[in-house]
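Quick look at data.txt (compact mmCIF, C-alpha atoms):
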```txt
# COMPACT_ATOMS: atom_id res chain seq x y z
CA MET I 1 10.18 1.48 -30.47
CA ALA I 2 8.82 4.43 -28.49
CA SER I 3 9.48 4.59 -24.74
CA LEU I 4 7.20 6.14 -22.14
CA ASP I 5 8.11 9.82 -22.32
CA ALA I 6 6.71 12.47 -20.00
CA SER I 7 7.91 15.26 -22.32
CA LYS I 8 5.35 14.12 -24.91
CA LEU I 9 2.41 14.57 -22.54
CA VAL I 10 -0.81 15.73 -24.22
CA LEU I 11 -3.25 17.76 -22.13
CA ASN I 12 -6.96 17.39 -22.83
CA LEU I 13 -8.36 19.18 -19.81
CA SER I 14 -12.00 19.22 -18.82
CA THR I 15 -14.11 22.32 -19.41
CA ASN I 16 -16.78 20.99 -17.06
CA LEU I 17 -15.18 20.58 -13.64
CA LYS I 18 -17.00 18.60 -10.98
CA PRO I 19 -18.07 20.15 -7.67
CA LYS I 20 -15.49 19.39 -4.99
CA TYR I 21 -16.24 18.12 -1.51
CA THR I 22 -17.69 20.73 0.82
CA ASP I 23 -16.83 18.95 4.07
CA LYS I 24 -13.47 17.21 4.10
CA THR I 25 -14.34 15.41 7.35
CA LYS I 26 -16.91 13.33 5.44
CA LEU I 27 -14.51 12.03 2.81
CA LYS I 28 -14.58 8.24 2.50
CA PHE I 29 -11.63 6.29 1.18
CA GLY I 30 -11.71 5.72 -2.57
CA GLN I 31 -15.26 6.96 -3.17
CA MET I 32 -14.67 10.37 -4.78
CA PHE I 33 -12.37 11.02 -7.73
CA THR I 34 -10.85 14.14 -9.23
CA ASP I 35 -11.57 15.72 -12.61
CA HIS I 36 -8.73 14.15 -14.59
CA MET I 37 -6.86 10.91 -15.14
CA LEU I 38 -3.61 9.92 -16.84
CA ILE I 39 -3.71 7.42 -19.70
CA CYS I 40 -0.62 5.76 -21.22
CA GLU I 41 -1.20 3.17 -23.96
CA TRP I 42 1.25 0.63 -25.35
CA ASP I 43 1.32 -1.47 -28.50
CA ALA I 44 3.86 -4.21 -29.21
CA THR I 45 4.60 -2.86 -32.69
CA LYS I 46 4.85 0.85 -31.83
CA GLY I 47 5.76 0.95 -28.16
CA TRP I 48 4.32 3.66 -25.92
CA ASP I 49 1.98 6.30 -27.30
CA ALA I 50 2.16 9.88 -26.07
CA PRO I 51 0.67 9.98 -22.56
CA VAL I 52 -2.58 11.90 -22.14
CA ILE I 53 -4.19 13.67 -19.21
CA LYS I 54 -7.91 13.73 -19.94
CA PRO I 55 -11.20 14.06 -18.07
CA TYR I 56 -11.90 11.27 -15.60
CA GLY I 57 -14.41 8.86 -17.09
CA PRO I 58 -15.20 5.29 -18.17
CA LEU I 59 -12.69 3.23 -20.10
CA SER I 60 -13.76 1.71 -23.40
CA LEU I 61 -12.42 -1.85 -23.61
CA GLU I 62 -13.28 -4.89 -25.66
CA PRO I 63 -14.95 -7.64 -23.58
CA SER I 64 -12.30 -10.03 -24.92
CA CYS I 65 -9.43 -8.09 -23.28
CA SER I 66 -7.19 -10.49 -21.42
CA VAL I 67 -7.29 -8.36 -18.26
CA PHE I 68 -10.84 -9.62 -17.77
CA HIS I 69 -10.09 -13.27 -18.41
CA TYR I 70 -6.62 -13.93 -17.02
CA ALA I 71 -6.06 -11.08 -14.52
CA LEU I 72 -3.16 -9.54 -16.44
CA GLU I 73 -3.03 -6.44 -14.28
CA CYS I 74 -1.37 -4.80 -11.30
CA PHE I 75 -1.69 -1.58 -9.36
CA GLU I 76 -0.10 0.74 -6.81
CA GLY I 77 -1.17 2.88 -3.87
CA MET I 78 0.56 6.12 -2.94
CA LYS I 79 -0.35 9.59 -1.66
CA ALA I 80 0.18 13.30 -2.24
CA TYR I 81 0.15 15.69 0.71
CA LYS I 82 -0.06 19.42 1.23
CA ASP I 83 2.81 20.79 3.28
CA LEU I 84 1.36 22.03 6.57
CA ALA I 85 3.35 25.28 6.51
CA THR I 86 3.62 26.23 2.83
CA LYS I 87 0.66 24.32 1.33
CA LYS I 88 2.99 23.09 -1.40
CA VAL I 89 2.48 19.55 -2.68
CA ARG I 90 4.62 16.60 -1.59
CA LEU I 91 4.96 12.97 -2.64
CA PHE I 92 6.36 10.30 -0.34
CA ARG I 93 9.04 8.03 -1.87
CA PRO I 94 7.27 7.89 -5.27
CA MET I 95 10.10 6.05 -7.03
CA MET I 96 9.57 3.03 -4.78
CA ASN I 97 5.99 2.77 -5.96
CA ALA I 98 6.87 3.29 -9.63
CA GLU I 99 9.63 0.68 -9.51
CA ARG I 100 7.34 -1.78 -7.76
CA LEU I 101 4.65 -1.24 -10.40
CA LEU I 102 7.24 -2.04 -13.05
CA ARG I 103 8.21 -5.27 -11.26
CA SER I 104 4.58 -6.26 -10.78
CA GLY I 105 3.81 -5.64 -14.44
CA LEU I 106 6.76 -7.65 -15.67
CA ARG I 107 5.67 -10.53 -13.42
CA VAL I 108 2.39 -10.85 -15.34
CA GLY I 109 3.84 -10.20 -18.79
CA LEU I 110 3.10 -6.48 -19.14
CA PRO I 111 5.64 -4.27 -20.94
CA ALA I 112 8.51 -2.37 -19.38
CA PHE I 113 8.52 1.39 -18.84
CA ASP I 114 10.85 3.94 -17.27
CA PRO I 115 9.74 4.52 -13.64
CA VAL I 116 11.30 8.00 -13.70
CA GLN I 117 8.99 8.99 -16.54
CA LEU I 118 5.95 7.63 -14.72
CA VAL I 119 6.80 9.66 -11.61
CA GLU I 120 7.12 12.79 -13.75
CA LEU I 121 3.70 12.14 -15.26
CA ILE I 122 2.16 11.55 -11.83
CA LYS I 123 3.64 14.84 -10.64
CA LYS I 124 2.01 16.66 -13.57
CA LEU I 125 -1.36 15.05 -12.91
CA VAL I 126 -1.23 15.81 -9.18
CA LEU I 127 -0.31 19.44 -9.78
CA ILE I 128 -3.25 19.84 -12.17
CA GLU I 129 -5.50 18.43 -9.45
CA LYS I 130 -3.80 20.06 -6.44
CA ASP I 131 -6.97 21.93 -5.44
CA TRP I 132 -8.51 18.52 -4.70
CA ILE I 133 -5.89 17.78 -2.00
CA PRO I 134 -7.49 18.36 1.39
CA GLU I 135 -5.40 20.48 3.74
CA GLY I 136 -4.58 19.35 7.25
CA PHE I 137 -2.73 16.64 9.13
CA GLY I 138 -3.96 13.22 8.04
CA TYR I 139 -5.63 14.41 4.83
CA SER I 140 -4.18 13.49 1.44
CA LEU I 141 -4.80 12.67 -2.19
CA TYR I 142 -4.71 8.93 -2.78
CA ILE I 143 -2.99 8.02 -6.07
CA ARG I 144 -3.92 4.77 -7.80
CA PRO I 145 -1.74 3.80 -10.80
CA THR I 146 -3.14 0.73 -12.57
CA PHE I 147 -1.55 -1.32 -15.34
CA ILE I 148 -3.67 -3.68 -17.47
CA SER I 149 -3.54 -5.82 -20.59
CA THR I 150 -5.93 -4.57 -23.27
CA GLN I 151 -5.18 -7.27 -25.81
CA PRO I 152 -8.63 -8.02 -27.34
CA THR I 153 -8.22 -11.76 -27.76
CA VAL I 154 -9.03 -14.75 -25.58
CA GLY I 155 -5.78 -16.62 -25.08
CA VAL I 156 -3.18 -17.04 -22.38
CA THR I 157 -0.28 -15.24 -24.05
CA TYR I 158 1.96 -12.24 -23.62
CA PRO I 159 -0.18 -9.17 -24.32
CA THR I 160 0.38 -7.09 -27.44
CA LYS I 161 -1.57 -4.13 -26.07
CA ALA I 162 -1.59 -2.56 -22.63
CA MET I 163 -2.75 0.52 -20.75
CA LEU I 164 -1.33 2.26 -17.71
CA PHE I 165 -3.70 4.74 -16.09
CA VAL I 166 -3.70 6.83 -12.92
CA ILE I 167 -6.70 8.11 -10.98
CA LEU I 168 -6.80 10.29 -7.85
CA SER I 169 -9.07 10.34 -4.81
CA PRO I 170 -9.15 12.84 -1.92
CA VAL I 171 -9.14 11.02 1.43
CA GLY I 172 -9.34 11.88 5.09
CA PRO I 173 -7.39 10.60 8.11
CA TYR I 174 -7.53 6.84 8.57
CA TYR I 175 -7.82 7.40 12.33
CA ALA I 176 -10.27 10.30 12.27
CA THR I 177 -11.74 9.43 15.67
CA GLY I 178 -8.67 7.96 17.36
CA PHE I 179 -6.60 4.83 16.91
CA HIS I 180 -8.49 1.56 16.65
CA PRO I 181 -6.51 -1.62 17.39
CA VAL I 182 -7.48 -4.68 15.36
CA SER I 183 -7.99 -8.34 16.17
CA LEU I 184 -6.56 -11.10 13.99
CA ILE I 185 -7.33 -14.72 13.27
CA CYS I 186 -4.54 -16.90 11.90
CA SER I 187 -5.06 -18.71 8.61
CA ASP I 188 -5.39 -22.41 9.35
CA GLY I 189 -4.12 -23.94 6.12
CA LYS I 190 -7.50 -23.89 4.38
CA TYR I 191 -6.43 -20.78 2.47
CA CYS I 192 -3.02 -19.49 1.36
CA ARG I 193 -2.21 -15.88 0.39
CA ALA I 194 1.21 -16.48 -1.20
CA TRP I 195 3.72 -19.25 -1.80
CA PRO I 196 7.33 -19.63 -2.99
CA GLY I 197 7.61 -18.83 -6.68
CA GLY I 198 4.22 -17.13 -6.74
CA SER I 199 3.37 -13.43 -6.93
CA GLY I 200 3.22 -12.49 -3.25
CA ASN I 201 5.96 -9.87 -3.69
CA THR I 202 3.93 -7.96 -6.31
CA LYS I 203 0.74 -5.90 -6.28
CA VAL I 204 -1.23 -7.97 -8.75
CA GLY I 205 -4.97 -8.04 -8.23
CA GLY I 206 -5.08 -11.81 -7.88
CA ASN I 207 -3.20 -11.56 -4.60
CA TYR I 208 -6.07 -9.54 -3.18
CA ALA I 209 -8.99 -11.37 -4.81
CA ILE I 210 -8.11 -14.61 -3.03
CA THR I 211 -8.16 -12.88 0.37
CA ILE I 212 -11.73 -11.53 0.09
CA LEU I 213 -13.55 -14.70 1.17
CA PRO I 214 -11.15 -15.52 4.04
CA GLY I 215 -11.41 -11.90 5.14
CA LYS I 216 -15.20 -12.08 5.26
CA GLU I 217 -15.03 -15.34 7.19
CA ALA I 218 -12.70 -13.61 9.66
CA THR I 219 -15.09 -10.70 10.19
CA ASP I 220 -18.05 -13.10 10.46
CA ALA I 221 -16.11 -14.84 13.26
CA GLY I 222 -15.60 -11.52 15.06
CA TYR I 223 -12.07 -10.60 13.93
CA ASN I 224 -10.87 -7.69 11.81
CA GLN I 225 -8.18 -9.32 9.64
CA VAL I 226 -6.46 -12.57 8.74
CA LEU I 227 -2.89 -13.13 9.90
CA TRP I 228 -1.48 -15.13 7.03
CA LEU I 229 0.72 -18.07 8.03
CA PHE I 230 2.74 -20.31 5.74
CA ASN I 231 3.81 -23.55 7.42
CA ASP I 232 3.32 -21.66 10.72
CA TYR I 233 5.62 -18.81 9.63
CA CYS I 234 4.14 -15.33 10.03
CA THR I 235 3.92 -13.46 6.74
CA GLU I 236 1.39 -10.62 6.30
CA VAL I 237 -1.80 -9.38 7.93
CA GLY I 238 -4.78 -8.51 5.75
CA THR I 239 -3.30 -6.20 3.11
CA MET I 240 -0.49 -4.97 5.35
CA ASN I 241 3.03 -6.00 6.27
CA PHE I 242 3.25 -7.50 9.76
CA LEU I 243 5.73 -6.32 12.41
CA LEU I 244 6.34 -7.38 15.98
CA LEU I 245 8.30 -5.77 18.82
CA TRP I 246 9.39 -8.21 21.52
CA ILE I 247 12.13 -9.28 23.84
CA ASN I 248 13.70 -12.14 21.94
CA GLU I 249 15.04 -15.30 23.54
CA GLN I 250 18.48 -13.71 23.80
CA GLY I 251 17.01 -10.93 25.92
CA GLU I 252 17.25 -8.27 23.18
CA LYS I 253 14.55 -5.75 22.37
CA GLU I 254 13.88 -6.62 18.74
CA LEU I 255 11.65 -5.38 15.93
CA ILE I 256 11.08 -8.35 13.67
CA THR I 257 9.29 -8.85 10.37
CA ALA I 258 9.28 -11.55 7.71
CA PRO I 259 12.05 -11.34 5.09
CA LEU I 260 11.53 -10.33 1.48
CA ASP I 261 11.67 -13.92 0.28
CA GLY I 262 9.28 -13.57 -2.67
CA CYS I 263 6.14 -14.16 -0.61
CA ILE I 264 6.10 -10.76 1.10
CA LEU I 265 5.18 -7.44 -0.50
CA PRO I 266 8.13 -5.02 -0.25
CA GLY I 267 6.01 -2.31 1.34
CA VAL I 268 7.09 1.32 1.22
CA THR I 269 5.81 1.89 4.77
CA ARG I 270 7.49 -1.33 5.92
CA ASP I 271 10.83 -0.22 4.50
CA SER I 272 10.43 3.25 5.99
CA ILE I 273 9.68 1.90 9.48
CA LEU I 274 12.64 -0.47 9.39
CA ASN I 275 14.92 2.39 8.36
CA LEU I 276 13.53 4.65 11.08
CA ALA I 277 13.89 1.93 13.72
CA ARG I 278 17.55 1.51 12.82
CA LYS I 279 18.03 5.28 13.18
CA PHE I 280 16.21 5.33 16.53
CA GLY I 281 18.91 2.95 17.71
CA ASP I 282 17.07 1.53 20.70
CA VAL I 283 15.94 -1.78 19.15
CA LYS I 284 17.50 -4.55 17.15
CA VAL I 285 15.93 -4.73 13.67
CA SER I 286 15.57 -8.14 12.04
CA GLU I 287 14.11 -9.36 8.76
CA ARG I 288 13.99 -13.11 9.22
CA PRO I 289 11.51 -16.00 9.36
CA TYR I 290 9.68 -16.59 12.64
CA THR I 291 6.71 -18.78 13.51
CA MET I 292 3.43 -18.24 15.30
CA THR I 293 4.56 -20.95 17.71
CA GLU I 294 7.43 -18.63 18.68
CA VAL I 295 5.00 -15.75 19.09
CA VAL I 296 2.70 -17.78 21.36
CA LYS I 297 5.69 -18.80 23.47
CA ALA I 298 6.71 -15.15 23.77
CA ILE I 299 3.15 -14.21 24.79
CA SER I 300 3.18 -16.87 27.51
CA GLU I 301 6.52 -15.52 28.77
CA ASP I 302 5.30 -11.90 28.68
CA ARG I 303 7.92 -10.91 26.08
CA ILE I 304 5.59 -9.34 23.50
CA LEU I 305 5.76 -5.55 23.60
CA GLU I 306 3.77 -4.40 20.52
CA VAL I 307 2.34 -5.91 17.36
CA PHE I 308 1.21 -3.88 14.33
CA GLY I 309 0.55 -3.85 10.61
CA ALA I 310 2.03 -1.28 8.23
CA GLY I 311 0.74 0.05 4.92
CA THR I 312 -0.02 3.16 2.88
CA ALA I 313 -3.64 3.65 3.94
CA ALA I 314 -3.33 3.40 7.74
CA VAL I 315 0.46 3.87 8.05
CA VAL I 316 0.30 1.64 11.15
CA SER I 317 -2.46 -0.45 12.71
CA SER I 318 -1.99 -1.85 16.23
CA VAL I 319 -3.02 -5.42 17.06
CA ASN I 320 -4.62 -6.26 20.40
CA LYS I 321 -5.69 -9.88 19.91
CA ILE I 322 -4.65 -12.90 17.82
CA ASN I 323 -6.61 -16.13 17.51
CA TYR I 324 -4.34 -19.11 16.87
CA LYS I 325 -5.63 -22.67 16.64
CA GLY I 326 -8.92 -21.65 18.21
CA LYS I 327 -7.47 -19.76 21.18
CA ASP I 328 -7.43 -16.01 21.66
CA TYR I 329 -4.18 -14.41 22.78
CA ILE I 330 -4.34 -10.86 24.12
CA ILE I 331 -1.59 -8.55 22.88
CA PRO I 332 -0.53 -5.57 25.00
CA LEU I 333 -0.70 -2.15 23.39
CA ASP I 334 1.25 -0.33 26.10
CA LYS I 335 2.33 -2.14 29.25
CA ASN I 336 2.47 1.19 31.10
CA ASP I 337 -0.95 2.42 30.02
CA PRO I 338 -3.84 -0.08 30.00
CA LYS I 339 -6.11 2.50 28.29
CA ALA I 340 -3.75 3.12 25.37
CA GLU I 341 -5.06 2.56 21.83
CA ILE I 342 -1.57 2.33 20.31
CA GLY I 343 1.83 1.32 21.64
CA PRO I 344 4.60 3.89 22.22
CA PHE I 345 6.96 2.46 19.59
CA THR I 346 4.17 2.13 17.01
CA LYS I 347 3.06 5.71 17.76
CA LYS I 348 6.64 6.96 17.44
CA CYS I 349 6.89 5.38 13.97
CA TYR I 350 3.52 6.84 12.99
CA ASP I 351 4.33 10.34 14.22
CA THR I 352 7.77 10.36 12.60
CA LEU I 353 6.42 9.24 9.22
CA MET I 354 3.53 11.69 9.30
CA ASP I 355 5.86 14.57 10.16
CA ILE I 356 8.00 13.68 7.14
CA GLN I 357 5.01 13.29 4.82
CA TYR I 358 3.57 16.68 5.77
CA GLY I 359 6.85 18.58 5.73
CA LYS I 360 7.21 19.13 9.48
CA THR I 361 10.48 17.20 9.30
CA GLU I 362 12.66 17.56 6.22
CA SER I 363 13.65 14.27 4.58
CA GLU I 364 14.83 13.03 1.20
CA TRP I 365 11.79 10.74 1.30
CA SER I 366 9.37 13.66 0.97
CA ILE I 367 9.52 15.16 -2.51
CA LEU I 368 8.26 18.71 -3.12
CA ILE I 369 6.74 18.87 -6.60
CA GLU I 370 6.03 22.62 -6.81
```
Translate the structure described by the file into structure tokens.
Amino acid sequence: MASLDASKLVLNLSTNLKPKYTDKTKLKFGQMFTDHMLICEWDATKGWDAPVIKPYGPLSLEPSCSVFHYALECFEGMKAYKDLATKKVRLFRPMMNAERLLRSGLRVGLPAFDPVQLVELIKKLVLIEKDWIPEGFGYSLYIRPTFISTQPTVGVTYPTKAMLFVILSPVGPYYATGFHPVSLICSDGKYCRAWPGGSGNTKVGGNYAITILPGKEATDAGYNQVLWLFNDYCTEVGTMNFLLLWINEQGEKELITAPLDGCILPGVTRDSILNLARKFGDVKVSERPYTMTEVVKAISEDRILEVFGAGTAAVVSSVNKINYKGKDYIIPLDKNDPKAEIGPFTKKCYDTLMDIQYGKTESEWSILIE
């Protein structure tokens, strides 16, 4: 049975290229797409067809496809950057995204593929579309691999047909006008994002669909995001991993985040920040369960230093307020600067990651692809 093979790539390039953006400062996240897309189709009897790069356009799918009825799908989010000095193209830790897409797909019954081959195909697509990558610090090309069941029958079974496709979108800086701290409201047990044995450690669409209504209720109540609790344990915030810098009860300066226990997405940015924090050497780094009750106690004892979310889109997002059981708790951004929009540790993580992503600092995480 045929495996996914980048060497068999077929190019069907557009002869009618779209006009590109004229003002990169007006780019909006995920609203403009490049000229081409990657399509990889799979059939249970034949395996993987030759991958194709073709003009971006609508997909033709039967209305009976199980992706529509049973959410047999998953996706990824990653970025390509132009090196600030050489203008060459870079990817940031692409194998982590490809391997996570594989795990997510297997979780919902989609077929296996070689992540190395997918990364090679993404490199080829990005290089074809490199003129779409905006230049400058904070600008990038957002890469969205998506994996769906295309089996054209109504029935809850393992799919016999599937499609993996990749589309690209030029995007601007998340913090184009400065950092904007967010306010959170804790989930109160009415809704649950993830649970033991579920799919919280994968990027399946169902994980996100069930957060839309609670998210709207949060914004209607005057907060930016939901801080997801599970039996009072802190898990994630909105669509980001959740991290907290505090002085723990042993008097140690500690960066803490929930463990990868199956309910937490193994975020690429999360992993990168934890690795960087260990290299910085000035904080203890812990991946362990902790409760919102512990956080409130630390707030009352003035032991909270910084709180932030981490993810591909924003890199980091500082938190300045958390509502828990109907009470607002103010979170310091920088104890030494009341006008700060981001804490010093959070900013250090952000700056270090951005320097790696744009080639200012050499790292094995940043992969030159030309």
Near segment 6-20 of chain I, within 8 Å and counting all atoms listed in the file, which residues show up once chain neighbours fewer than 6 positions away are dropped, as a compact mmCIF listing (two decimals) with C-alpha atoms, keeping the file's coordinate frame?
```
# COMPACT_ATOMS: atom_id res chain seq x y z
CA THR I 34 -10.85 14.14 -9.23
CA ASP I 35 -11.57 15.72 -12.61
CA HIS I 36 -8.73 14.15 -14.59
CA ALA I 50 2.16 9.88 -26.07
CA PRO I 51 0.67 9.98 -22.56
CA VAL I 52 -2.58 11.90 -22.14
CA ILE I 53 -4.19 13.67 -19.21
CA LYS I 54 -7.91 13.73 -19.94
CA PRO I 55 -11.20 14.06 -18.07
CA GLN I 117 8.99 8.99 -16.54
CA LEU I 118 5.95 7.63 -14.72
CA GLU I 120 7.12 12.79 -13.75
CA LEU I 121 3.70 12.14 -15.26
CA TRP I 132 -8.51 18.52 -4.70
```
For segment 85-133 of chain I against segment 312-326 of chain I, with a cut-off of 12 Å and counting only C-alpha atoms, what is the closest atom pair and its distance in Å to one decimal for every residue that makes the cut, ordered by chain and number, as a tab-separated table?
```
residue	atom	partner	partner_atom	distance
I:Phe92	CA	I:Thr312	CA	10.1
I:Arg93	CA	I:Thr312	CA	11.3
I:Pro94	CA	I:Thr312	CA	11.9
I:Asn97	CA	I:Thr312	CA	10.7
```
(message) When you look at Ser272 of chain I with a cut-off of 8 Å (counting all atoms listed in the file), what residues show up, excluding the ones that are within fewer than 4 positions of it in the same chain? I need them as a PyMOL selection string.
(response) chain I and resi 268+276+353
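The space between atom CA of Ala80 of chain I and atom CA of Glu135 of chain I spans 10.9 Å.
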(message) Could you list, as a PyMOL selection string, every residue within 7 Å of segment 109-111 of chain I, counting only C-alpha atoms and ignoring same-chain residues fewer than 4 positions away?
(response) chain I and resi 105+149+158-159
(message) For Gly311 of chain I, find every residue with an atom within 12 Å (counting only C-alpha atoms), except residues of its own chain fewer than 3 positions away, and show them as a count of residues only.
(response) 30
(request) For each of I:Val108, I:Ile185, I:Leu213, I:Ile128, take the minimum atom-to-atom distance to Gly198 of chain I, counting all atoms listed in the file, then give the residue where this is smallest. (result) I:Val108
(request) Choose the residue, out of I:Gly47, I:Gly309, I:Gly138, I:Pro259, that has the smallest atom-to-atom separation from Ser286 of chain I; count only C-alpha atoms. (result) I:Pro259
Please determine an axis-aligned box that encloses all atoms of segment 296-299 of chain I listed in the file, with 8 Å added on each side, and express its centre and edge lengths in Å to one decimal as lines of an AutoDock Vina configuration file.
```
center_x = 4.7
center_y = -16.5
center_z = 23.1
size_x = 20.0
size_y = 20.6
size_z = 19.4
```
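For the residues I:Phe147, I:Tyr70, I:Phe113, I:Tyr139, ranking by smallest atom-to-atom distance to Ile39 of chain I using only C-alpha atoms places I:Phe147 first.
For Lys87 of chain I, the set of protein, DNA and RNA residues having any atom at most 12 Å away, when counting only C-alpha atoms and skipping those fewer than 3 positions along the same chain, is Ala80, Tyr81, Lys82, Asp83, Leu84, Arg90, Lys130, Asp131, Ile133, Pro134, Glu135, Gly136, Phe137, Ser140, Tyr358, Gly359, Lys360, Leu368, Ile369 and Glu370 of chain I.
Separating atom CA of Val154 of chain I from atom CA of Ser66 of chain I is a distance of 6.2 Å.
Put simply, atom CA of Ser187 of chain I is 13.5 Å away from atom CA of Asp328 of chain I.
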Kindly complete segment 310-333 of chain I to N, CA and C atoms; the output should be written as a PDB file, in the coordinates of the input.
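Wrote it out as selection.pdb, contents follow:
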```pdb
ATOM      1  N   ALA I 310       1.534  -2.513   8.837  1.00  0.00           N
ATOM      2  CA  ALA I 310       2.030  -1.280   8.230  1.00  0.00           C
ATOM      3  C   ALA I 310       1.647  -1.250   6.758  1.00  0.00           C
ATOM      4  N   GLY I 311       1.114  -0.100   6.311  1.00  0.00           N
ATOM      5  CA  GLY I 311       0.740   0.050   4.920  1.00  0.00           C
ATOM      6  C   GLY I 311       0.420   1.499   4.589  1.00  0.00           C
ATOM      7  N   THR I 312       0.188   1.785   3.318  1.00  0.00           N
ATOM      8  CA  THR I 312      -0.020   3.160   2.880  1.00  0.00           C
ATOM      9  C   THR I 312      -1.267   3.786   3.486  1.00  0.00           C
ATOM     10  N   ALA I 313      -2.372   3.059   3.513  1.00  0.00           N
ATOM     11  CA  ALA I 313      -3.640   3.650   3.940  1.00  0.00           C
ATOM     12  C   ALA I 313      -3.607   4.068   5.408  1.00  0.00           C
ATOM     13  N   ALA I 314      -3.280   3.129   6.301  1.00  0.00           N
ATOM     14  CA  ALA I 314      -3.330   3.400   7.740  1.00  0.00           C
ATOM     15  C   ALA I 314      -2.005   3.885   8.299  1.00  0.00           C
ATOM     16  N   VAL I 315      -0.928   3.703   7.594  1.00  0.00           N
ATOM     17  CA  VAL I 315       0.460   3.870   8.050  1.00  0.00           C
ATOM     18  C   VAL I 315       0.783   2.748   9.029  1.00  0.00           C
ATOM     19  N   VAL I 316       0.138   2.748  10.213  1.00  0.00           N
ATOM     20  CA  VAL I 316       0.300   1.640  11.150  1.00  0.00           C
ATOM     21  C   VAL I 316      -1.075   1.268  11.706  1.00  0.00           C
ATOM     22  N   SER I 317      -1.221   0.021  12.113  1.00  0.00           N
ATOM     23  CA  SER I 317      -2.460  -0.450  12.710  1.00  0.00           C
ATOM     24  C   SER I 317      -2.131  -1.429  13.828  1.00  0.00           C
ATOM     25  N   SER I 318      -2.347  -1.016  15.078  1.00  0.00           N
ATOM     26  CA  SER I 318      -1.990  -1.850  16.230  1.00  0.00           C
ATOM     27  C   SER I 318      -2.880  -3.078  16.339  1.00  0.00           C
ATOM     28  N   VAL I 319      -2.311  -4.148  16.861  1.00  0.00           N
ATOM     29  CA  VAL I 319      -3.020  -5.420  17.060  1.00  0.00           C
ATOM     30  C   VAL I 319      -3.179  -5.666  18.549  1.00  0.00           C
ATOM     31  N   ASN I 320      -4.391  -6.001  18.977  1.00  0.00           N
ATOM     32  CA  ASN I 320      -4.620  -6.260  20.400  1.00  0.00           C
ATOM     33  C   ASN I 320      -5.063  -7.686  20.710  1.00  0.00           C
ATOM     34  N   LYS I 321      -5.277  -8.499  19.657  1.00  0.00           N
ATOM     35  CA  LYS I 321      -5.690  -9.880  19.910  1.00  0.00           C
ATOM     36  C   LYS I 321      -5.387 -10.728  18.684  1.00  0.00           C
ATOM     37  N   ILE I 322      -4.893 -11.948  18.900  1.00  0.00           N
ATOM     38  CA  ILE I 322      -4.650 -12.900  17.820  1.00  0.00           C
ATOM     39  C   ILE I 322      -5.253 -14.242  18.200  1.00  0.00           C
ATOM     40  N   ASN I 323      -6.070 -14.791  17.309  1.00  0.00           N
ATOM     41  CA  ASN I 323      -6.610 -16.130  17.510  1.00  0.00           C
ATOM     42  C   ASN I 323      -5.739 -17.124  16.745  1.00  0.00           C
ATOM     43  N   TYR I 324      -5.217 -18.098  17.469  1.00  0.00           N
ATOM     44  CA  TYR I 324      -4.340 -19.110  16.870  1.00  0.00           C
ATOM     45  C   TYR I 324      -4.801 -20.481  17.323  1.00  0.00           C
ATOM     46  N   LYS I 325      -5.149 -21.317  16.363  1.00  0.00           N
ATOM     47  CA  LYS I 325      -5.630 -22.670  16.640  1.00  0.00           C
ATOM     48  C   LYS I 325      -6.791 -22.665  17.621  1.00  0.00           C
ATOM     49  N   GLY I 326      -7.703 -21.693  17.420  1.00  0.00           N
ATOM     50  CA  GLY I 326      -8.920 -21.650  18.210  1.00  0.00           C
ATOM     51  C   GLY I 326      -8.813 -20.956  19.550  1.00  0.00           C
ATOM     52  N   LYS I 327      -7.643 -20.436  19.895  1.00  0.00           N
ATOM     53  CA  LYS I 327      -7.470 -19.760  21.180  1.00  0.00           C
ATOM     54  C   LYS I 327      -7.092 -18.308  20.968  1.00  0.00           C
ATOM     55  N   ASP I 328      -7.742 -17.432  21.722  1.00  0.00           N
ATOM     56  CA  ASP I 328      -7.430 -16.010  21.660  1.00  0.00           C
ATOM     57  C   ASP I 328      -6.253 -15.670  22.563  1.00  0.00           C
ATOM     58  N   TYR I 329      -5.318 -14.903  22.016  1.00  0.00           N
ATOM     59  CA  TYR I 329      -4.180 -14.410  22.780  1.00  0.00           C
ATOM     60  C   TYR I 329      -4.237 -12.880  22.794  1.00  0.00           C
ATOM     61  N   ILE I 330      -4.254 -12.307  23.978  1.00  0.00           N
ATOM     62  CA  ILE I 330      -4.340 -10.860  24.120  1.00  0.00           C
ATOM     63  C   ILE I 330      -2.942 -10.264  23.970  1.00  0.00           C
ATOM     64  N   ILE I 331      -2.862  -9.210  23.155  1.00  0.00           N
ATOM     65  CA  ILE I 331      -1.590  -8.550  22.880  1.00  0.00           C
ATOM     66  C   ILE I 331      -1.588  -7.184  23.574  1.00  0.00           C
ATOM     67  N   PRO I 332      -0.565  -6.877  24.345  1.00  0.00           N
ATOM     68  CA  PRO I 332      -0.530  -5.570  25.000  1.00  0.00           C
ATOM     69  C   PRO I 332      -0.317  -4.450  23.973  1.00  0.00           C
ATOM     70  N   LEU I 333      -0.951  -3.320  24.224  1.00  0.00           N
ATOM     71  CA  LEU I 333      -0.700  -2.150  23.390  1.00  0.00           C
ATOM     72  C   LEU I 333       0.376  -1.279  24.034  1.00  0.00           C
TER      73      LEU I 333
END
```
